[in-house]
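A short write-up of the structure that comes next.
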Amino acid sequence: MFYRETGQFKTNYAGDMAVFPILQDRIGIALILVVAFVLIPLLGSDFLLSSVMIPFLVFSLASIGLNILTGYTGLISLGTGAFMGVGAYACYKLTTLFPEVNIVVWIVTAGFFSAFVGVLFGLPSLRIKGFYLAVATLAAQFFLQWCFTRIPWLYNYNTSGAIEVGQRTLFGMNVTGPKASLEARYMVLLTLVTVLTWVASNLMHGRIGRSFMAVRDMDIAAELMGIDLLKTKLLAFAVSSFYAGVAGAAMMFLWYGGGEANDAFNINQSFLILFMVIIGGLGSMIGSFFGAAFISMLPTMLKFGLPALGIPLAGATAEHLTYILVGSLIIFFLIVEPHGLARLWQIGKQKLRMWPFPY
Amino acid sequence: MTRTSQSIQKGEVLLAVDQVSLSFGGVKAITDVSFDIRKGEIRAIIGPNGAGKTSMLNVINGFYHPQQGKITFKGQTRSKMRPSVAAAQGIARTFQNVALFKGMSTLDNIMSGRTLKMNSHFFWQCLRHGPAMAEEIRHREFVEDIIDFLEIQAIRKVPVGKLPYGLQKRVELGRALAMEPDLLLLDEPMAGMNLEEKEDMSRFIIDVNTQYGTTIALIEHDMGVVMDLSDRVVVLEYGRKLADGTPDEVKADQSVIDAYLGVAH
Ligand SMILES: Nc1ncnc2c1ncn2[C@@H]1O[C@H](COP(=O)(O)OP(=O)(O)OP(=O)(O)O)[C@@H](O)[C@H]1O
Ligand SMILES: [Mg+2]
């Protein structure tokens with residue numbers, strides 16, 4: 001009843017072209033932002049911040065990245081974990097070499113390094129598609145992961161072989177390292193995710209997004225529109241890897257606080273993010289968030305939620321249950337609804353718009 | 001580019017196909033075919049199934065590269081050309097089996113036809129403000145005119161994959177028109193349509209030709225439509241040119257009657 005576009009007439013194209021043309025949607029977004037920026041840091045427990053929100057935000061960013069490549073441009077990649085790694089190691093090297101430059105600058109700059117590497121490994125995409133491209137990106141995954149562990153320069157010759165995150169500040173507050181508060185890390189991450197989501201949404205709503213989708217839907221016709229296939233695919237790899245790279249840097253510096261590539265940037269990570277994109281919805285911004293929320297929060301919800309409801313569940317069982325649930329959902333979505341949770345959300349909104357009349 | 005196109009007057013040769021031959025392995029799709037398309041005309045290409053009509057369009061817009069012969073468009077001769085370059089030179093087309101961007105809305109499909117005319121910087125695209133937004137609005141206005149022209153206002157926001165076939169063909173025409181082409185290639189735009197839809201489509205084709213002065217090459221099996229719409233007709237059979245002339249001349253041509261018109265389609 002309250003979710004209506006009735007009476008909200010667009011008097012110009014700018015209004016009609018807005019990302020959220022319906023007032024209620026804009027109010028919804030504003031509410032989400034208030035909750036995320038004000039309520040959660042003020043009222044949220046440490047557990048909520050560290051085990052729910054921070055992982056969710058990092059995965060959202062990575063999912064947006066992969067969704068741009070796979071969902072919007074139709075190019076599959078199994079190298080997301082490695083591209084995240086490029087971001088993390090680039091950020092590590094940069095902040096070691098130039099510690100005086102703000103860490104947030106380096107987290108974002110790291111994305112450009114990963115964009116460059118993404119473009120290199122995206123070159124074969126002009127010739128190969130689908131399964132073969134997946135295999136090519138898999139090669140990128142293994143090659144880069146090998147680099148991360150076998151080139152000691154990348155991890156500053158640390159005996160641990162891992163990235164060791166130092167103390168860095170922003171506006172005089174610690175934002176990385178052991179002394180950084182959860183709230184500070186969360187706020188930096190949330191700001192990054194908010195700004196980068198806005199940028200990604202802008203890109204996907206304009207000429208560049210249309211040319212990505214054109215390449216995905218019908219590449220010969222896209223070429224006929226004057227869209228250069230190679231340039232467009234490489235741009236998709238660049239933008240996608242940029243997001244993955246920032247996500248990787250954020251993961252190391254704002255979440256893990258240090259770690260090793262074989263743990264953080266392995267093939268499992270690549271698959272996990274692919275699953276987020278599939279379950280959330282291919283080719284949907286909001287779907288990237290749904291997928292990231294669902295998969296990153298599911299284990300926590302099962303582990304803590306079910307016992308709280310009085311259903312006893314051992315840690316190992318919770319993990320297995322997660323796999324079973326995610327696996328069956330992927331099969332379900334691939335067969336029944338390739339547009340994932342985002343599509344269900346849309347259908348729900350559509351129903352609400354028509355309510356109480358079903359048609 | 002625009003200067004060359006303006007320098008070609010109505011009635012002068014816009015595109016010349018000169019002794020073009022194309023084969024796929026052993027299959028000869030086109031054998032030594034020459035014809036021309038004059039600026040401002042509706043030129044029909046007809047012939048039985050497998051005659052090489054679609055292959056001819058593919059040669060003209062750069063999908064296929066002929067083994068022999070050359071193509072001259074707007075005074076420039078070439079033998080090999082990428083489709084995106086042909087697009088930039090002013091050639092647009094529709095496909096026999098509808099090649100729309102299925103996951104995108106009608107509006108986005110037609111907007112994608114404006115891609116070559118949009119050039120706001122990546123930076124502004126990221127912000128979707130300033131020059132990027134101004135450009136988007138400018139082209140949206142152009143596209144809305146096409147939507148009005150084709151009477152598809154109601155399906156603006158509908159993903160084209162959900163539209164019935166006849167409407168998809170119309171959207172595909174819209175997308176080609178959005179490119180403001182000098183030469184528009186239409187591959188069986190009325191295939192699979194009912195009578196009413198065919199009449200609508202015929203009207204659109206004539207209007208495009210007369211209102212915007214767009215030169216059109218049209219492949220069509222419906223002889224009634226071809227004879228009504230076209231200024232000149234070229235007839236292909238087994239990859240060879242059988243006849244070439246006005247609809248009346250072609251209709252009267254004995255070899256055409258034997259080969260084509262005599263056969264029920
Ligand atoms: N890509 C290709 N590879 C191999 N053979 C092809 C290819 N494209 C066309 N041909 C062959 O070239 C010949 C001409 O085909 P074309 O599609 O141009 O015919 P058409 O006149 O458009 O027929 P229709 O009326 O059925 O559309 C046919 O024998 C076809 O099998
Ligand atoms: Mg054909």
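Letters for chains follow the order of the structure tokens (A, B, ...), residue numbers begin at 1 for each chain, and ligand numbers begin at 1 in the order shown.
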
Residues of chain A near chain B: apply a cut-off of 6 Å, count only C-alpha atoms, and supply the list as a PDB file with N, CA and C atoms, in the first residue's frame.
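The result, stored in part_24.pdb:
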ATOM      1  N   VAL A 199      29.818   4.349  -7.565  1.00  0.00           N
ATOM      2  CA  VAL A 199      30.533   4.453  -8.839  1.00  0.00           C
ATOM      3  C   VAL A 199      30.163   3.291  -9.765  1.00  0.00           C
ATOM      4  N   ASN A 202      26.793   3.792 -11.175  1.00  0.00           N
ATOM      5  CA  ASN A 202      26.827   4.823 -12.217  1.00  0.00           C
ATOM      6  C   ASN A 202      27.338   4.268 -13.530  1.00  0.00           C
ATOM      7  N   LEU A 203      28.433   3.533 -13.450  1.00  0.00           N
ATOM      8  CA  LEU A 203      29.017   2.979 -14.672  1.00  0.00           C
ATOM      9  C   LEU A 203      28.040   2.039 -15.368  1.00  0.00           C
ATOM     10  N   ALA A 214      25.726  -5.508 -23.738  1.00  0.00           N
ATOM     11  CA  ALA A 214      25.582  -5.821 -25.157  1.00  0.00           C
ATOM     12  C   ALA A 214      26.537  -6.951 -25.535  1.00  0.00           C
ATOM     13  N   ASP A 217      25.090 -10.169 -24.095  1.00  0.00           N
ATOM     14  CA  ASP A 217      23.864 -10.706 -24.675  1.00  0.00           C
ATOM     15  C   ASP A 217      24.016 -11.138 -26.127  1.00  0.00           C
ATOM     16  N   MET A 218      24.834 -10.443 -26.901  1.00  0.00           N
ATOM     17  CA  MET A 218      24.911 -10.763 -28.335  1.00  0.00           C
ATOM     18  C   MET A 218      26.135 -10.052 -28.892  1.00  0.00           C
ATOM     19  N   GLU A 223      29.202  -5.634 -31.805  1.00  0.00           N
ATOM     20  CA  GLU A 223      30.249  -5.184 -32.714  1.00  0.00           C
ATOM     21  C   GLU A 223      29.655  -4.289 -33.789  1.00  0.00           C
ATOM     22  N   LEU A 224      28.439  -4.660 -34.169  1.00  0.00           N
ATOM     23  CA  LEU A 224      27.763  -3.904 -35.208  1.00  0.00           C
ATOM     24  C   LEU A 224      27.347  -2.512 -34.746  1.00  0.00           C
ATOM     25  N   MET A 225      27.194  -2.350 -33.428  1.00  0.00           N
ATOM     26  CA  MET A 225      26.872  -1.029 -32.878  1.00  0.00           C
ATOM     27  C   MET A 225      28.135  -0.178 -32.790  1.00  0.00           C
ATOM     28  N   GLY A 226      29.252  -0.769 -33.234  1.00  0.00           N
ATOM     29  CA  GLY A 226      30.507  -0.034 -33.146  1.00  0.00           C
ATOM     30  C   GLY A 226      31.235  -0.275 -31.838  1.00  0.00           C
TER      31      GLY A 226
END

Which of range 86-188 of chain A DSSP labels strand (DSSP E or B), written as a list in words: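 Output for range 86-188 of chain A, strand (DSSP E or B) only: Ile163, Glu164, Arg168, Thr169, Leu170, Met173, Asn174, Val175 and Thr176 of chain A.
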
Dump as a PDB file, in the first residue's frame, selection limited to all heavy atoms:
ATOM      1  N   ILE A 163      51.679 -11.399   4.941  1.00  0.00           N
ATOM      2  CA  ILE A 163      51.552  -9.952   5.046  1.00  0.00           C
ATOM      3  C   ILE A 163      51.406  -9.590   6.522  1.00  0.00           C
ATOM      4  O   ILE A 163      50.614 -10.224   7.240  1.00  0.00           O
ATOM      5  CB  ILE A 163      50.314  -9.462   4.266  1.00  0.00           C
ATOM      6  CG1 ILE A 163      50.531  -9.649   2.773  1.00  0.00           C
ATOM      7  CG2 ILE A 163      50.015  -8.004   4.598  1.00  0.00           C
ATOM      8  CD1 ILE A 163      49.347  -9.230   1.924  1.00  0.00           C
ATOM      9  N   GLU A 164      52.202  -8.641   6.995  1.00  0.00           N
ATOM     10  CA  GLU A 164      52.069  -8.202   8.388  1.00  0.00           C
ATOM     11  C   GLU A 164      51.613  -6.755   8.392  1.00  0.00           C
ATOM     12  O   GLU A 164      52.339  -5.864   7.976  1.00  0.00           O
ATOM     13  CB  GLU A 164      53.405  -8.371   9.127  1.00  0.00           C
ATOM     14  CG  GLU A 164      53.723  -9.837   9.378  1.00  0.00           C
ATOM     15  CD  GLU A 164      55.150 -10.073   9.840  1.00  0.00           C
ATOM     16  OE1 GLU A 164      55.861  -9.083  10.107  1.00  0.00           O
ATOM     17  OE2 GLU A 164      55.545 -11.244   9.912  1.00  0.00           O
ATOM     18  N   ARG A 168      48.575   2.097  11.039  1.00  0.00           N
ATOM     19  CA  ARG A 168      48.383   3.250  10.160  1.00  0.00           C
ATOM     20  C   ARG A 168      47.203   4.068  10.682  1.00  0.00           C
ATOM     21  O   ARG A 168      46.262   3.498  11.235  1.00  0.00           O
ATOM     22  CB  ARG A 168      48.096   2.810   8.722  1.00  0.00           C
ATOM     23  CG  ARG A 168      49.226   2.059   8.053  1.00  0.00           C
ATOM     24  CD  ARG A 168      50.361   2.982   7.617  1.00  0.00           C
ATOM     25  NE  ARG A 168      51.397   2.262   6.884  1.00  0.00           N
ATOM     26  CZ  ARG A 168      52.417   1.626   7.462  1.00  0.00           C
ATOM     27  NH1 ARG A 168      52.556   1.613   8.767  1.00  0.00           N
ATOM     28  NH2 ARG A 168      53.305   0.982   6.713  1.00  0.00           N
ATOM     29  N   THR A 169      47.261   5.360  10.453  1.00  0.00           N
ATOM     30  CA  THR A 169      46.201   6.206  11.003  1.00  0.00           C
ATOM     31  C   THR A 169      45.470   6.977   9.913  1.00  0.00           C
ATOM     32  O   THR A 169      45.963   7.139   8.800  1.00  0.00           O
ATOM     33  CB  THR A 169      46.778   7.248  11.988  1.00  0.00           C
ATOM     34  OG1 THR A 169      47.762   8.010  11.287  1.00  0.00           O
ATOM     35  CG2 THR A 169      47.396   6.582  13.189  1.00  0.00           C
ATOM     36  N   LEU A 170      44.291   7.419  10.270  1.00  0.00           N
ATOM     37  CA  LEU A 170      43.505   8.304   9.414  1.00  0.00           C
ATOM     38  C   LEU A 170      42.870   9.339  10.343  1.00  0.00           C
ATOM     39  O   LEU A 170      42.212   8.961  11.319  1.00  0.00           O
ATOM     40  CB  LEU A 170      42.424   7.513   8.672  1.00  0.00           C
ATOM     41  CG  LEU A 170      41.451   8.329   7.839  1.00  0.00           C
ATOM     42  CD1 LEU A 170      42.121   8.857   6.580  1.00  0.00           C
ATOM     43  CD2 LEU A 170      40.234   7.484   7.461  1.00  0.00           C
ATOM     44  N   MET A 173      43.377   8.721  13.896  1.00  0.00           N
ATOM     45  CA  MET A 173      42.844   7.508  14.505  1.00  0.00           C
ATOM     46  C   MET A 173      43.520   6.295  13.882  1.00  0.00           C
ATOM     47  O   MET A 173      43.772   6.278  12.683  1.00  0.00           O
ATOM     48  CB  MET A 173      41.344   7.422  14.216  1.00  0.00           C
ATOM     49  CG  MET A 173      40.486   7.772  15.401  1.00  0.00           C
ATOM     50  SD  MET A 173      38.790   7.228  15.164  1.00  0.00           S
ATOM     51  CE  MET A 173      38.465   7.544  13.453  1.00  0.00           C
ATOM     52  N   ASN A 174      43.788   5.278  14.687  1.00  0.00           N
ATOM     53  CA  ASN A 174      44.321   4.046  14.124  1.00  0.00           C
ATOM     54  C   ASN A 174      43.241   3.365  13.291  1.00  0.00           C
ATOM     55  O   ASN A 174      42.147   3.110  13.782  1.00  0.00           O
ATOM     56  CB  ASN A 174      44.764   3.103  15.239  1.00  0.00           C
ATOM     57  CG  ASN A 174      46.080   3.552  15.826  1.00  0.00           C
ATOM     58  OD1 ASN A 174      47.008   3.878  15.090  1.00  0.00           O
ATOM     59  ND2 ASN A 174      46.156   3.590  17.144  1.00  0.00           N
ATOM     60  N   VAL A 175      43.585   3.060  12.028  1.00  0.00           N
ATOM     61  CA  VAL A 175      42.595   2.339  11.221  1.00  0.00           C
ATOM     62  C   VAL A 175      43.089   0.954  10.820  1.00  0.00           C
ATOM     63  O   VAL A 175      42.304   0.117  10.393  1.00  0.00           O
ATOM     64  CB  VAL A 175      42.176   3.124   9.956  1.00  0.00           C
ATOM     65  CG1 VAL A 175      41.325   4.315  10.328  1.00  0.00           C
ATOM     66  CG2 VAL A 175      43.371   3.549   9.135  1.00  0.00           C
ATOM     67  N   THR A 176      44.393   0.719  10.911  1.00  0.00           N
ATOM     68  CA  THR A 176      44.883  -0.648  10.676  1.00  0.00           C
ATOM     69  C   THR A 176      45.833  -1.008  11.805  1.00  0.00           C
ATOM     70  O   THR A 176      46.265  -0.151  12.569  1.00  0.00           O
ATOM     71  CB  THR A 176      45.635  -0.779   9.337  1.00  0.00           C
ATOM     72  OG1 THR A 176      46.879  -0.073   9.441  1.00  0.00           O
ATOM     73  CG2 THR A 176      44.838  -0.245   8.178  1.00  0.00           C
TER      74      THR A 176
END

Go ahead and compute the interatomic distance for atom 14 (C, counted along the ligand's line) of ligand 1 and CA of Ala222 in chain A, in Å to one decimal.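 Separation between atom 14 (C, counted along the ligand's line) of ligand 1 and CA of Ala222 in chain A: 23.2 Å.
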
Interface rows for chain B against ligand 2: nearest pair, Å to one decimal, 12 Å, only C-alpha atoms and all ligand atoms, as CSV:
residue,atom,partner,partner_atom_place_in_ligand_line,distance
B:Ala29,CA,ligand 2,1 (Mg),11.2
B:Ile45,CA,ligand 2,1 (Mg),10.3
B:Ile46,CA,ligand 2,1 (Mg),9.8
B:Gly47,CA,ligand 2,1 (Mg),9.5
B:Pro48,CA,ligand 2,1 (Mg),9.3
B:Asn49,CA,ligand 2,1 (Mg),7.1
B:Gly50,CA,ligand 2,1 (Mg),6.9
B:Ala51,CA,ligand 2,1 (Mg),8.1
B:Gly52,CA,ligand 2,1 (Mg),7.0
B:Lys53,CA,ligand 2,1 (Mg),5.5
B:Thr54,CA,ligand 2,1 (Mg),4.0
B:Ser55,CA,ligand 2,1 (Mg),7.2
B:Met56,CA,ligand 2,1 (Mg),9.1
B:Leu57,CA,ligand 2,1 (Mg),8.9
B:Asn58,CA,ligand 2,1 (Mg),9.9
B:Thr94,CA,ligand 2,1 (Mg),11.4
B:Phe95,CA,ligand 2,1 (Mg),8.6
B:Gln96,CA,ligand 2,1 (Mg),6.1
B:Asn97,CA,ligand 2,1 (Mg),8.9
B:Val98,CA,ligand 2,1 (Mg),11.8
B:Leu186,CA,ligand 2,1 (Mg),10.4
B:Asp187,CA,ligand 2,1 (Mg),6.8
B:Glu188,CA,ligand 2,1 (Mg),7.4
B:Pro189,CA,ligand 2,1 (Mg),10.9
B:Ala191,CA,ligand 2,1 (Mg),10.5
B:Leu218,CA,ligand 2,1 (Mg),11.1
B:Ile219,CA,ligand 2,1 (Mg),7.8
B:Glu220,CA,ligand 2,1 (Mg),9.1
B:His221,CA,ligand 2,1 (Mg),9.8
B:Leu236,CA,ligand 2,1 (Mg),11.6
B:Gly239,CA,ligand 2,1 (Mg),11.9

Could you take the residues named above and write them with C-alpha atoms, as a CSV table (one decimal), in the first residue's frame?
chain,number,residue,atom,x,y,z
B,29,ALA,CA,27.8,-18.7,-51.2
B,45,ILE,CA,17.6,-8.3,-52.6
B,46,ILE,CA,15.5,-11.3,-53.3
B,47,GLY,CA,16.1,-15.0,-54.1
B,48,PRO,CA,15.2,-18.5,-53.0
B,49,ASN,CA,16.5,-19.9,-49.7
B,50,GLY,CA,20.2,-20.3,-49.6
B,51,ALA,CA,20.7,-17.9,-52.5
B,52,GLY,CA,23.3,-15.9,-50.7
B,53,LYS,CA,21.3,-12.9,-49.6
B,54,THR,CA,22.3,-12.9,-46.0
B,55,SER,CA,25.9,-13.7,-46.9
B,56,MET,CA,25.8,-10.6,-49.1
B,57,LEU,CA,24.7,-8.4,-46.2
B,58,ASN,CA,27.4,-10.0,-44.1
B,94,THR,CA,19.0,-5.9,-38.5
B,95,PHE,CA,19.2,-9.7,-38.5
B,96,GLN,CA,17.2,-12.4,-40.0
B,97,ASN,CA,16.9,-14.1,-36.5
B,98,VAL,CA,16.7,-11.0,-34.3
B,186,LEU,CA,17.3,-5.1,-43.3
B,187,ASP,CA,17.4,-8.9,-43.4
B,188,GLU,CA,13.8,-10.2,-43.7
B,189,PRO,CA,12.3,-7.6,-41.4
B,191,ALA,CA,9.5,-12.7,-41.5
B,218,LEU,CA,16.0,-5.0,-47.9
B,219,ILE,CA,15.9,-8.7,-48.1
B,220,GLU,CA,12.3,-10.0,-48.2
B,221,HIS,CA,10.5,-13.1,-49.3
B,236,LEU,CA,20.2,-13.9,-56.6
B,239,GLY,CA,25.0,-17.3,-55.2

Need the shell around Pro178 in chain A: protein/DNA/RNA residues with any atom at most 10 Å away, counting only C-alpha atoms. Skip same-chain ones fewer than 4 positions apart. Format as number ranges by chain? A: 165-168, 174, 182, 257-258

When DSSP is applied to the backbone of this structure, which of range 43-232 of chain A are assigned alpha helix (DSSP H)? Write them out as a PyMOL selection string. chain A and resi 43+46-47+54-66+80-97+103-122+130-150+182-205+207-217+219-224+229-232

I'd like to know which of B:Gly69, B:Gly26, B:Gly224, B:Pro247 is closest to ligand 1, using only C-alpha atoms and all ligand atoms.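 Using only C-alpha atoms and all ligand atoms, the shortest distance to ligand 1 belongs to B:Gly26.
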
Which of these residues is nearest to Phe290 in chain A, using only C-alpha atoms: A:Pro312, A:Gly340, A:Pro55, A:Pro99?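 Using only C-alpha atoms, the shortest distance to Phe290 in chain A belongs to A:Gly340.
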
If we count only C-alpha atoms, what is near range 241-247 of chain A at a cut-off of 8 Å, once residues fewer than 2 positions away on the same chain are taken out, given as a ChimeraX atom specification? /A:58-59,61-66,80-81,83-88,107-115,117-118,237-239,249-251

Just-selected residues, N, CA and C atoms written as a short mmCIF file (atom, residue, chain, number, x, y, z; two decimals), in the first residue's frame:
data_model
loop_
_atom_site.label_atom_id
_atom_site.label_comp_id
_atom_site.auth_asym_id
_atom_site.auth_seq_id
_atom_site.Cartn_x
_atom_site.Cartn_y
_atom_site.Cartn_z
N VAL A 58 33.45 -6.65 2.88
CA VAL A 58 34.56 -7.05 2.02
C VAL A 58 34.05 -7.94 0.88
N PHE A 59 33.22 -8.90 1.24
CA PHE A 59 32.70 -9.80 0.21
C PHE A 59 31.77 -9.07 -0.77
N LEU A 61 32.12 -6.07 -1.85
CA LEU A 61 32.97 -5.39 -2.82
C LEU A 61 33.52 -6.38 -3.85
N ALA A 62 33.98 -7.52 -3.37
CA ALA A 62 34.50 -8.53 -4.28
C ALA A 62 33.39 -9.04 -5.21
N SER A 63 32.19 -9.20 -4.66
CA SER A 63 31.07 -9.68 -5.49
C SER A 63 30.70 -8.67 -6.56
N ILE A 64 30.70 -7.40 -6.20
CA ILE A 64 30.42 -6.37 -7.20
C ILE A 64 31.44 -6.50 -8.33
N GLY A 65 32.70 -6.68 -7.94
CA GLY A 65 33.75 -6.83 -8.95
C GLY A 65 33.47 -7.99 -9.88
N LEU A 66 33.23 -9.14 -9.33
CA LEU A 66 33.01 -10.31 -10.18
C LEU A 66 31.71 -10.18 -10.96
N THR A 80 39.13 -14.63 -9.14
CA THR A 80 38.84 -13.49 -8.26
C THR A 80 39.75 -13.47 -7.03
N GLY A 81 39.97 -14.65 -6.44
CA GLY A 81 40.82 -14.73 -5.25
C GLY A 81 42.20 -14.17 -5.55
N PHE A 83 43.07 -12.07 -7.95
CA PHE A 83 43.03 -10.62 -8.21
C PHE A 83 42.89 -9.85 -6.89
N MET A 84 42.18 -10.44 -5.94
CA MET A 84 42.12 -9.83 -4.61
C MET A 84 43.52 -9.81 -4.01
N GLY A 85 44.22 -10.91 -4.21
CA GLY A 85 45.58 -11.02 -3.70
C GLY A 85 46.49 -9.94 -4.27
N VAL A 86 46.36 -9.69 -5.55
CA VAL A 86 47.19 -8.65 -6.18
C VAL A 86 46.97 -7.33 -5.45
N GLY A 87 45.71 -7.03 -5.15
CA GLY A 87 45.41 -5.80 -4.43
C GLY A 87 46.06 -5.78 -3.06
N ALA A 88 45.95 -6.90 -2.35
CA ALA A 88 46.49 -6.96 -0.99
C ALA A 88 48.01 -6.78 -1.00
N ILE A 107 44.99 1.60 -0.31
CA ILE A 107 44.00 0.53 -0.52
C ILE A 107 43.31 0.74 -1.87
N VAL A 108 42.98 2.01 -2.16
CA VAL A 108 42.31 2.29 -3.44
C VAL A 108 43.30 2.13 -4.59
N THR A 109 44.52 2.66 -4.41
CA THR A 109 45.51 2.56 -5.48
C THR A 109 45.82 1.10 -5.82
N ALA A 110 45.83 0.26 -4.81
CA ALA A 110 46.09 -1.16 -5.02
C ALA A 110 45.16 -1.73 -6.08
N GLY A 111 43.93 -1.19 -6.12
CA GLY A 111 42.96 -1.63 -7.11
C GLY A 111 43.47 -1.46 -8.53
N PHE A 112 44.23 -0.38 -8.76
CA PHE A 112 44.73 -0.14 -10.11
C PHE A 112 45.76 -1.19 -10.51
N PHE A 113 46.54 -1.64 -9.55
CA PHE A 113 47.51 -2.70 -9.86
C PHE A 113 46.79 -3.97 -10.26
N SER A 114 45.77 -4.27 -9.50
CA SER A 114 45.04 -5.48 -9.80
C SER A 114 44.26 -5.32 -11.12
N ALA A 115 43.81 -4.10 -11.42
CA ALA A 115 43.15 -3.86 -12.71
C ALA A 115 44.12 -4.17 -13.85
N VAL A 117 46.77 -6.17 -13.83
CA VAL A 117 46.99 -7.62 -13.93
C VAL A 117 45.75 -8.29 -14.53
N GLY A 118 44.57 -7.81 -14.14
CA GLY A 118 43.33 -8.35 -14.68
C GLY A 118 43.26 -8.20 -16.19
N PHE A 237 37.38 -6.43 -17.55
CA PHE A 237 38.38 -7.07 -16.70
C PHE A 237 39.04 -6.04 -15.78
N ALA A 238 39.33 -4.86 -16.33
CA ALA A 238 40.00 -3.83 -15.54
C ALA A 238 39.12 -3.38 -14.38
N VAL A 239 37.88 -3.01 -14.69
CA VAL A 239 36.99 -2.50 -13.64
C VAL A 239 36.74 -3.60 -12.60
N ALA A 249 42.73 -5.84 -0.69
CA ALA A 249 43.51 -4.98 0.19
C ALA A 249 42.72 -4.71 1.47
N ALA A 250 41.43 -4.45 1.32
CA ALA A 250 40.60 -4.18 2.49
C ALA A 250 40.51 -5.41 3.38
N MET A 251 40.45 -6.57 2.74
CA MET A 251 40.36 -7.81 3.52
C MET A 251 41.59 -7.95 4.43
#

Neighbouring residues of Leu329 in chain A were defined as those with any atom within 9 Å, considering only C-alpha atoms; residues of the same chain fewer than 5 positions away were excluded. Please report them as a list in words. Ile279, Ile324 and Leu334 of chain A

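Omitting Phe171 in chain A and its sequence neighbours fewer than 6 positions away, and counting only C-alpha atoms, the residues within 12 Å are Asn102, Ile103, Val104, Ala184 and Val188 of chain A.
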
Of the listed residues B:His139, B:Arg203, B:Lys241, B:Lys251, that which approaches ligand 1 most closely, counting only C-alpha atoms and all ligand atoms: B:Lys241

Quick one: everything within 6 Å of range 341-350 of chain A, counting only C-alpha atoms, minus sequence neighbours fewer than 6 positions away in the same chain. Send it as a PyMOL selection string. chain A and resi 280-281+287

Please produce a file of the residues just selected, as an mmCIF file, in the first residue's frame, where the atoms kept are C-alpha atoms.
data_model
loop_
_atom_site.group_PDB
_atom_site.id
_atom_site.type_symbol
_atom_site.label_atom_id
_atom_site.label_comp_id
_atom_site.auth_asym_id
_atom_site.auth_seq_id
_atom_site.Cartn_x
_atom_site.Cartn_y
_atom_site.Cartn_z
ATOM 1 C CA GLY A 280 22.728 -13.013 -5.299
ATOM 2 C CA GLY A 281 21.900 -12.489 -8.938
ATOM 3 C CA GLY A 287 22.254 -8.959 -5.891
#

Could you tell me which of B:Asp36, B:Thr214, B:Phe73, B:Val235 comes closest to ligand 1 if we count only C-alpha atoms and all ligand atoms?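 Of the candidates, the smallest distance to ligand 1 is held by B:Val235.
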